[in-house]
Amino acid sequence: MLRLLDAHPGEALHTRVARSLRDAVTRGLIPDGIRLPGHRPLAARLGVSRNTVVDALTQLQSEGYLGVRGRSGTVIRVPGPSAPPPDAAAPPLSAWATRVLRGQPGLPAGGYAVDFRVGQDVPELYPEAAWTHALAHRAGEAGQRAGRHADPLGPLETRRAVAAYLNAERGARVTPDMVMLTAGTQAALDALARVFLEAGRGAVVEAPTYAGARAALAATGAGVWSVPVDESGLQTDALPDADATLVYVTPGCQYPTTATLPAPRRHALITWARRRGALILEDDYAADLHHTGRAPAVLQGLAPERTVLLGTFSKVLAPATRSGFLAAPREVIRILAATRTLTDRGPGTLDALALGDVLASGAYTRHLRRSRPIIRHRHEVLLAALADHLPQWSARPASAGLHVYVPLPPGWRAAAVTGHAASHGVALTPLEPLTGGGHGPAVLLAFAHLPIDALRDGVQRLGVALRSPPA
């Protein structure tokens, strides 16, 4: 009727005895009300010491499986079946949560033969040797730094390395005290939106744009104006004739169309921002992934007093490092540092120090030089395959980034194209869920994570599936 169950690794003997008795009770092997043998007979039956049995029964009694009934001694109590508690109603949502949750697109699911969806990791963009060496080198300092008051901006040596890199490689005008390390661009956008926006204020975004940016700005209750883009990026002559607090742009490689903002429009944007008192949030998300010539310098270098430069090294190092940064005017940095402790204690010190070493040693730049030809070749293979198998599509060559933007021919719908492709084992990203609409039908195809054979196979499958517009 009663036996010891097999031991779990590291399990104390009295815990094993208690678990064995509990299992017998809950499975109905020992009926309710049955009197247990005395401590010594029970110990002999189980092959354990009396003290072990006493400890086990004490534990079971505290859990309600045993009771003492007068002279009858210790008896079994079988817990009665209890109805599961009803789901507790969540407290009413805040206005912020309501705005965040409103209209969020569902995540696509399913397995695919070829997955062109954006946002995928690229194994070739991970300098494993350099990163591992930097982590090992800095790991010994973790104990020495324990207990120190962490700088809310991140370690100074890393901010020096980031500033030097931005000035040398991106044409920025940055000093270390203008740099804050972040968990990524989305975290930086959230912090900036919370600090500078509220109901009654306004922000400007490109249309189409990165959905996460629009959501972070709109969640504050601020009004959000959308300004259209064309083949040259933001149409600065369409900027609103009204004061705005923030304007979010991607001038180096417009997301998602991949256009580059030309110099006249950059100056027009700066002039508008100065006149309207707006702070420019420049997302330089694809700076390190330029594959047609040298990347244009950041807009921040033209107006450092008016621009917050946002970026991340995560795409190239590894998303797990969360190695983001922002470079901003000193007063903005002061405010962000003072408010950061309410939501975040600052970046992980070990990763931050390792990042500084990888940048300062030149390992990051060398790795980029090795990676760019791989990405460029895959970009060229994708464009050639699209021209062969879907000549009616007009894919735009991307000067930077990890995807191509494909406006669909007249009469084609992105949702129908995406669904039809999925039924043939190919996953695409339709434009509309990322941008909230307001732009012509288009799809995005990420390419950098896929081997050459997979790129060709995926486009060939698309060509078979989409010889005519799907209904």
# chains A, B, ... in the order shown; residues from 1 in each chain; ligands from 1
>>> select_by_dssp(residues="stretch 181-320 of chain A", states="strand (DSSP E or B)", output="PyMOL selection string")
chain A and resi 181-182+202-207+223-230+233-234+246-249+279-283+290+307-312
>>> write_last_selection(atoms="N, CA, C and O atoms", output="compact mmCIF listing (two decimals), in the first residue's frame")
# COMPACT_ATOMS: atom_id res chain seq x y z
N LEU A 181 23.98 55.08 -22.15
CA LEU A 181 23.80 53.71 -22.62
C LEU A 181 22.39 53.26 -22.28
O LEU A 181 21.85 53.57 -21.22
N THR A 182 21.77 52.52 -23.20
CA THR A 182 20.38 52.09 -23.04
C THR A 182 20.26 50.60 -23.35
O THR A 182 21.19 49.96 -23.82
N GLY A 202 2.45 67.68 -28.96
CA GLY A 202 2.42 67.00 -30.25
C GLY A 202 3.77 66.43 -30.63
O GLY A 202 4.82 66.92 -30.21
N ALA A 203 3.71 65.36 -31.43
CA ALA A 203 4.91 64.73 -31.97
C ALA A 203 4.69 64.45 -33.45
O ALA A 203 3.54 64.32 -33.90
N VAL A 204 5.78 64.35 -34.19
CA VAL A 204 5.72 64.12 -35.64
C VAL A 204 6.47 62.83 -35.94
O VAL A 204 7.55 62.57 -35.39
N VAL A 205 5.90 62.01 -36.83
CA VAL A 205 6.57 60.80 -37.31
C VAL A 205 6.45 60.75 -38.82
O VAL A 205 5.61 61.41 -39.43
N GLU A 206 7.32 59.95 -39.43
CA GLU A 206 7.23 59.69 -40.86
C GLU A 206 6.08 58.73 -41.13
O GLU A 206 5.65 57.99 -40.25
N ALA A 207 5.59 58.76 -42.35
CA ALA A 207 4.53 57.82 -42.76
C ALA A 207 4.90 57.23 -44.11
O ALA A 207 4.90 57.94 -45.11
N GLY A 223 -0.71 64.19 -29.24
CA GLY A 223 -1.12 64.07 -30.62
C GLY A 223 0.06 63.69 -31.49
O GLY A 223 1.18 64.15 -31.26
N VAL A 224 -0.17 62.85 -32.48
CA VAL A 224 0.91 62.40 -33.38
C VAL A 224 0.53 62.74 -34.81
O VAL A 224 -0.47 62.25 -35.33
N TRP A 225 1.33 63.62 -35.43
CA TRP A 225 1.13 63.96 -36.83
C TRP A 225 1.98 63.04 -37.71
O TRP A 225 3.14 62.77 -37.41
N SER A 226 1.44 62.60 -38.82
CA SER A 226 2.16 61.76 -39.78
C SER A 226 2.51 62.60 -41.00
O SER A 226 1.63 63.24 -41.59
N VAL A 227 3.78 62.57 -41.37
CA VAL A 227 4.25 63.30 -42.55
C VAL A 227 4.71 62.28 -43.59
O VAL A 227 5.52 61.40 -43.28
N PRO A 228 4.20 62.36 -44.81
CA PRO A 228 4.51 61.32 -45.81
C PRO A 228 5.97 61.34 -46.23
O PRO A 228 6.67 62.35 -46.14
N VAL A 229 6.41 60.18 -46.72
CA VAL A 229 7.75 60.05 -47.30
C VAL A 229 7.60 59.70 -48.78
O VAL A 229 6.57 59.18 -49.21
N ASP A 230 8.65 59.98 -49.52
CA ASP A 230 8.70 59.58 -50.93
C ASP A 230 10.04 58.89 -51.17
O ASP A 230 10.69 58.44 -50.24
N GLY A 233 12.74 60.15 -48.94
CA GLY A 233 12.52 60.21 -47.51
C GLY A 233 11.47 61.22 -47.10
O GLY A 233 10.54 61.52 -47.86
N LEU A 234 11.59 61.77 -45.91
CA LEU A 234 10.59 62.67 -45.34
C LEU A 234 10.36 63.88 -46.25
O LEU A 234 11.30 64.55 -46.67
N LEU A 246 8.48 66.67 -30.18
CA LEU A 246 9.43 65.70 -30.70
C LEU A 246 9.09 65.41 -32.15
O LEU A 246 7.93 65.40 -32.55
N VAL A 247 10.13 65.10 -32.94
CA VAL A 247 9.93 64.61 -34.30
C VAL A 247 10.86 63.42 -34.50
O VAL A 247 12.08 63.54 -34.32
N TYR A 248 10.28 62.27 -34.81
CA TYR A 248 11.04 61.02 -34.96
C TYR A 248 11.30 60.78 -36.44
O TYR A 248 10.35 60.71 -37.26
N VAL A 249 12.59 60.61 -36.81
CA VAL A 249 12.96 60.42 -38.22
C VAL A 249 14.05 59.37 -38.34
O VAL A 249 14.78 59.08 -37.40
N LEU A 279 12.43 68.78 -30.65
CA LEU A 279 13.64 67.99 -30.50
C LEU A 279 13.60 66.86 -31.53
O LEU A 279 12.62 66.12 -31.61
N ILE A 280 14.65 66.75 -32.34
CA ILE A 280 14.71 65.73 -33.39
C ILE A 280 15.22 64.43 -32.79
O ILE A 280 16.31 64.40 -32.20
N LEU A 281 14.46 63.36 -32.92
CA LEU A 281 14.90 62.03 -32.52
C LEU A 281 15.37 61.31 -33.79
O LEU A 281 14.56 60.87 -34.60
N GLU A 282 16.68 61.20 -33.97
CA GLU A 282 17.26 60.61 -35.17
C GLU A 282 17.63 59.15 -34.89
O GLU A 282 18.57 58.87 -34.15
N ASP A 283 16.86 58.24 -35.46
CA ASP A 283 17.12 56.81 -35.29
C ASP A 283 18.09 56.37 -36.40
O ASP A 283 17.70 56.26 -37.55
N HIS A 290 25.42 49.60 -43.88
CA HIS A 290 25.38 50.21 -45.21
C HIS A 290 26.15 49.32 -46.18
O HIS A 290 27.26 48.89 -45.88
N THR A 307 19.25 67.74 -31.53
CA THR A 307 19.06 66.35 -31.97
C THR A 307 19.43 65.36 -30.87
O THR A 307 20.43 65.53 -30.18
N VAL A 308 18.62 64.31 -30.77
CA VAL A 308 18.95 63.14 -29.95
C VAL A 308 19.22 62.00 -30.92
O VAL A 308 18.33 61.58 -31.68
N LEU A 309 20.45 61.52 -30.93
CA LEU A 309 20.84 60.44 -31.82
C LEU A 309 20.61 59.10 -31.12
O LEU A 309 21.13 58.86 -30.03
N LEU A 310 19.80 58.24 -31.73
CA LEU A 310 19.47 56.93 -31.17
C LEU A 310 20.15 55.84 -31.99
O LEU A 310 20.15 55.90 -33.22
N GLY A 311 20.69 54.83 -31.31
CA GLY A 311 21.32 53.74 -32.05
C GLY A 311 21.50 52.52 -31.17
O GLY A 311 21.26 52.55 -29.96
N THR A 312 21.93 51.46 -31.80
CA THR A 312 22.20 50.21 -31.09
C THR A 312 23.27 49.44 -31.82
O THR A 312 23.39 49.52 -33.06
>>> select_by_dssp(residues="stretch 222-400 of chain A", states="alpha helix (DSSP H)", output="PyMOL selection string")
chain A and resi 263-276+314-317+330-340+349-360+363-389
>>> atom_distance(atom1="atom CA of A:Glu198", atom2="atom CA of A:Gly154")
27.4 Å
>>> closest_atom_pairs(of="stretch 254-371 of chain A", to="stretch 114-130 of chain A", cutoff="12 Å", atoms="only C-alpha atoms", output="Markdown table")
| residue | atom | partner | partner_atom | distance |
| --- | --- | --- | --- | --- |
| A:Tyr255 | CA | A:Val118 | CA | 11.4 |
| A:Pro256 | CA | A:Val118 | CA | 10.1 |
| A:Asp288 | CA | A:Leu125 | CA | 10.7 |
| A:Leu289 | CA | A:Leu125 | CA | 9.8 |
| A:Phe313 | CA | A:Leu125 | CA | 10.4 |
| A:Ser314 | CA | A:Tyr126 | CA | 9.2 |
| A:Lys315 | CA | A:Leu125 | CA | 7.1 |
| A:Val316 | CA | A:Leu125 | CA | 4.7 |
| A:Leu317 | CA | A:Tyr126 | CA | 4.9 |
| A:Ala318 | CA | A:Tyr126 | CA | 5.9 |
| A:Pro319 | CA | A:Asp121 | CA | 7.6 |
| A:Ala320 | CA | A:Asp121 | CA | 10.4 |
| A:Thr321 | CA | A:Tyr126 | CA | 10.9 |
| A:Ala354 | CA | A:Ala130 | CA | 9.3 |
| A:Leu355 | CA | A:Ala130 | CA | 9.9 |
| A:Gly356 | CA | A:Ala130 | CA | 11.7 |
| A:Asp357 | CA | A:Ala130 | CA | 9.2 |
| A:Val358 | CA | A:Ala130 | CA | 6.7 |
| A:Leu359 | CA | A:Ala130 | CA | 10.1 |
| A:Ala360 | CA | A:Ala130 | CA | 11.7 |
| A:Ser361 | CA | A:Ala130 | CA | 9.5 |
| A:Gly362 | CA | A:Ala130 | CA | 10.0 |
| A:Ala363 | CA | A:Ala130 | CA | 6.5 |
| A:Tyr364 | CA | A:Pro127 | CA | 7.8 |
| A:Thr365 | CA | A:Pro127 | CA | 10.5 |
| A:Arg366 | CA | A:Pro127 | CA | 9.6 |
| A:His367 | CA | A:Pro127 | CA | 6.4 |
| A:Leu368 | CA | A:Leu125 | CA | 8.0 |
| A:Arg369 | CA | A:Leu125 | CA | 10.8 |
| A:Arg370 | CA | A:Leu125 | CA | 9.3 |
| A:Ser371 | CA | A:Leu125 | CA | 6.4 |
>>> residues_around(residues="A:Gln61", least_positions_apart="5", cutoff="12 Å", atoms="only C-alpha atoms", output="tab-separated table (two decimals) with N, CA, C and O atoms, in the first residue's frame")
chain	number	residue	atom	x	y	z
A	18	ALA	N	7.86	12.23	2.99
A	18	ALA	CA	6.65	13.06	2.96
A	18	ALA	C	6.03	13.05	1.56
A	18	ALA	O	4.80	12.95	1.40
A	21	LEU	N	4.21	9.68	0.97
A	21	LEU	CA	2.91	9.61	1.66
A	21	LEU	C	1.89	10.53	1.00
A	21	LEU	O	0.72	10.16	0.82
A	22	ARG	N	2.31	11.72	0.65
A	22	ARG	CA	1.40	12.67	0.01
A	22	ARG	C	0.88	12.12	-1.31
A	22	ARG	O	-0.31	12.24	-1.64
A	54	VAL	N	9.32	11.11	11.84
A	54	VAL	CA	8.77	12.22	12.63
A	54	VAL	C	8.84	13.53	11.83
A	54	VAL	O	7.87	14.29	11.76
A	55	ASP	N	9.98	13.77	11.21
A	55	ASP	CA	10.12	15.01	10.42
A	55	ASP	C	9.15	15.02	9.24
A	55	ASP	O	8.54	16.06	8.93
A	56	ALA	N	8.98	13.88	8.58
A	56	ALA	CA	8.08	13.82	7.43
A	56	ALA	C	6.64	14.04	7.85
A	56	ALA	O	5.88	14.78	7.20
A	66	LEU	N	-2.52	15.32	7.56
A	66	LEU	CA	-2.62	14.47	8.75
A	66	LEU	C	-3.34	15.23	9.85
A	66	LEU	O	-3.30	16.48	9.90
A	67	GLY	N	-3.99	14.49	10.74
A	67	GLY	CA	-4.62	15.08	11.90
A	67	GLY	C	-4.50	14.15	13.09
A	67	GLY	O	-4.25	12.95	12.94
A	68	VAL	N	-4.68	14.69	14.26
A	68	VAL	CA	-4.64	13.90	15.49
A	68	VAL	C	-6.07	13.77	16.00
A	68	VAL	O	-6.76	14.77	16.21
A	74	THR	N	-2.53	9.38	14.92
A	74	THR	CA	-2.44	10.17	13.69
A	74	THR	C	-3.25	9.51	12.59
A	74	THR	O	-3.06	8.32	12.29
A	75	VAL	N	-4.15	10.30	11.97
A	75	VAL	CA	-5.01	9.77	10.92
A	75	VAL	C	-4.83	10.59	9.65
A	75	VAL	O	-4.42	11.76	9.68
A	76	ILE	N	-5.16	9.97	8.53
A	76	ILE	CA	-5.06	10.60	7.22
A	76	ILE	C	-6.23	11.55	7.01
A	76	ILE	O	-7.38	11.23	7.32
A	77	ARG	N	-5.93	12.71	6.46
A	77	ARG	CA	-6.97	13.64	6.01
A	77	ARG	C	-6.81	13.84	4.52
A	77	ARG	O	-5.78	14.35	4.06
A	78	VAL	N	-7.80	13.43	3.76
A	78	VAL	CA	-7.75	13.60	2.30
A	78	VAL	C	-8.37	14.95	1.97
A	78	VAL	O	-9.55	15.16	2.25
>>> residues_around(residues="stretch 416-419 of chain A", least_positions_apart="3", cutoff="8 Å", atoms="only C-alpha atoms", output="PDB file with N, CA, C and O atoms, in the first residue's frame")
ATOM      1  N   TRP A 412      -2.861  44.897 -56.474  1.00  0.00           N
ATOM      2  CA  TRP A 412      -2.379  43.885 -55.532  1.00  0.00           C
ATOM      3  C   TRP A 412      -2.580  44.396 -54.110  1.00  0.00           C
ATOM      4  O   TRP A 412      -2.351  45.575 -53.821  1.00  0.00           O
ATOM      5  N   ARG A 413      -2.968  43.510 -53.215  1.00  0.00           N
ATOM      6  CA  ARG A 413      -3.166  43.854 -51.806  1.00  0.00           C
ATOM      7  C   ARG A 413      -2.141  43.111 -50.949  1.00  0.00           C
ATOM      8  O   ARG A 413      -1.938  41.898 -51.117  1.00  0.00           O
ATOM      9  N   ALA A 422       2.151  32.620 -47.652  1.00  0.00           N
ATOM     10  CA  ALA A 422       2.227  31.726 -46.496  1.00  0.00           C
ATOM     11  C   ALA A 422       1.676  30.347 -46.825  1.00  0.00           C
ATOM     12  O   ALA A 422       2.197  29.327 -46.357  1.00  0.00           O
ATOM     13  N   SER A 423       0.625  30.293 -47.638  1.00  0.00           N
ATOM     14  CA  SER A 423       0.056  28.997 -48.012  1.00  0.00           C
ATOM     15  C   SER A 423       1.006  28.178 -48.876  1.00  0.00           C
ATOM     16  O   SER A 423       0.822  26.969 -49.036  1.00  0.00           O
ATOM     17  N   ALA A 427       7.080  33.215 -45.791  1.00  0.00           N
ATOM     18  CA  ALA A 427       6.604  34.269 -44.894  1.00  0.00           C
ATOM     19  C   ALA A 427       7.146  35.620 -45.333  1.00  0.00           C
ATOM     20  O   ALA A 427       8.338  35.770 -45.594  1.00  0.00           O
ATOM     21  N   LEU A 428       6.239  36.605 -45.431  1.00  0.00           N
ATOM     22  CA  LEU A 428       6.597  37.982 -45.761  1.00  0.00           C
ATOM     23  C   LEU A 428       6.100  38.905 -44.654  1.00  0.00           C
ATOM     24  O   LEU A 428       5.274  38.510 -43.827  1.00  0.00           O
ATOM     25  N   THR A 429       6.569  40.138 -44.646  1.00  0.00           N
ATOM     26  CA  THR A 429       6.049  41.150 -43.734  1.00  0.00           C
ATOM     27  C   THR A 429       5.250  42.158 -44.536  1.00  0.00           C
ATOM     28  O   THR A 429       5.821  42.882 -45.362  1.00  0.00           O
ATOM     29  N   PRO A 430       3.928  42.244 -44.353  1.00  0.00           N
ATOM     30  CA  PRO A 430       3.154  43.280 -45.027  1.00  0.00           C
ATOM     31  C   PRO A 430       3.428  44.633 -44.391  1.00  0.00           C
ATOM     32  O   PRO A 430       3.705  44.729 -43.184  1.00  0.00           O
ATOM     33  N   VAL A 443       5.246  45.119 -49.433  1.00  0.00           N
ATOM     34  CA  VAL A 443       5.732  44.076 -48.530  1.00  0.00           C
ATOM     35  C   VAL A 443       7.224  44.289 -48.308  1.00  0.00           C
ATOM     36  O   VAL A 443       7.904  44.937 -49.114  1.00  0.00           O
ATOM     37  N   LEU A 466       2.607  33.475 -57.008  1.00  0.00           N
ATOM     38  CA  LEU A 466       2.053  34.788 -57.291  1.00  0.00           C
ATOM     39  C   LEU A 466       2.248  35.195 -58.751  1.00  0.00           C
ATOM     40  O   LEU A 466       2.657  36.306 -59.064  1.00  0.00           O
ATOM     41  N   PRO A 469      -2.171  38.430 -59.459  1.00  0.00           N
ATOM     42  CA  PRO A 469      -2.573  38.968 -58.156  1.00  0.00           C
ATOM     43  C   PRO A 469      -3.535  38.019 -57.449  1.00  0.00           C
ATOM     44  O   PRO A 469      -4.530  37.573 -58.047  1.00  0.00           O
ATOM     45  N   PRO A 470      -3.262  37.654 -56.174  1.00  0.00           N
ATOM     46  CA  PRO A 470      -4.188  36.800 -55.452  1.00  0.00           C
ATOM     47  C   PRO A 470      -5.486  37.534 -55.151  1.00  0.00           C
ATOM     48  O   PRO A 470      -5.493  38.763 -54.944  1.00  0.00           O
ATOM     49  N   ALA A 471      -6.568  36.809 -55.123  1.00  0.00           N
ATOM     50  CA  ALA A 471      -7.878  37.446 -54.869  1.00  0.00           C
ATOM     51  C   ALA A 471      -7.971  37.887 -53.425  1.00  0.00           C
ATOM     52  O   ALA A 471      -7.379  37.304 -52.542  1.00  0.00           O
TER      53      ALA A 471
END
>>> atom_distance(atom1="atom CA of A:His403", atom2="atom CA of A:Leu386")
13.3 Å
>>> residues_around(residues="A:Pro176", least_positions_apart="6", cutoff="6 Å", atoms="only C-alpha atoms", output="PyMOL selection string")
chain A and resi 159-160+163
>>> closest_residue(among="A:Pro264, A:Pro155, A:Pro391, A:Pro296", to="A:Arg170", atoms="only C-alpha atoms")
A:Pro296
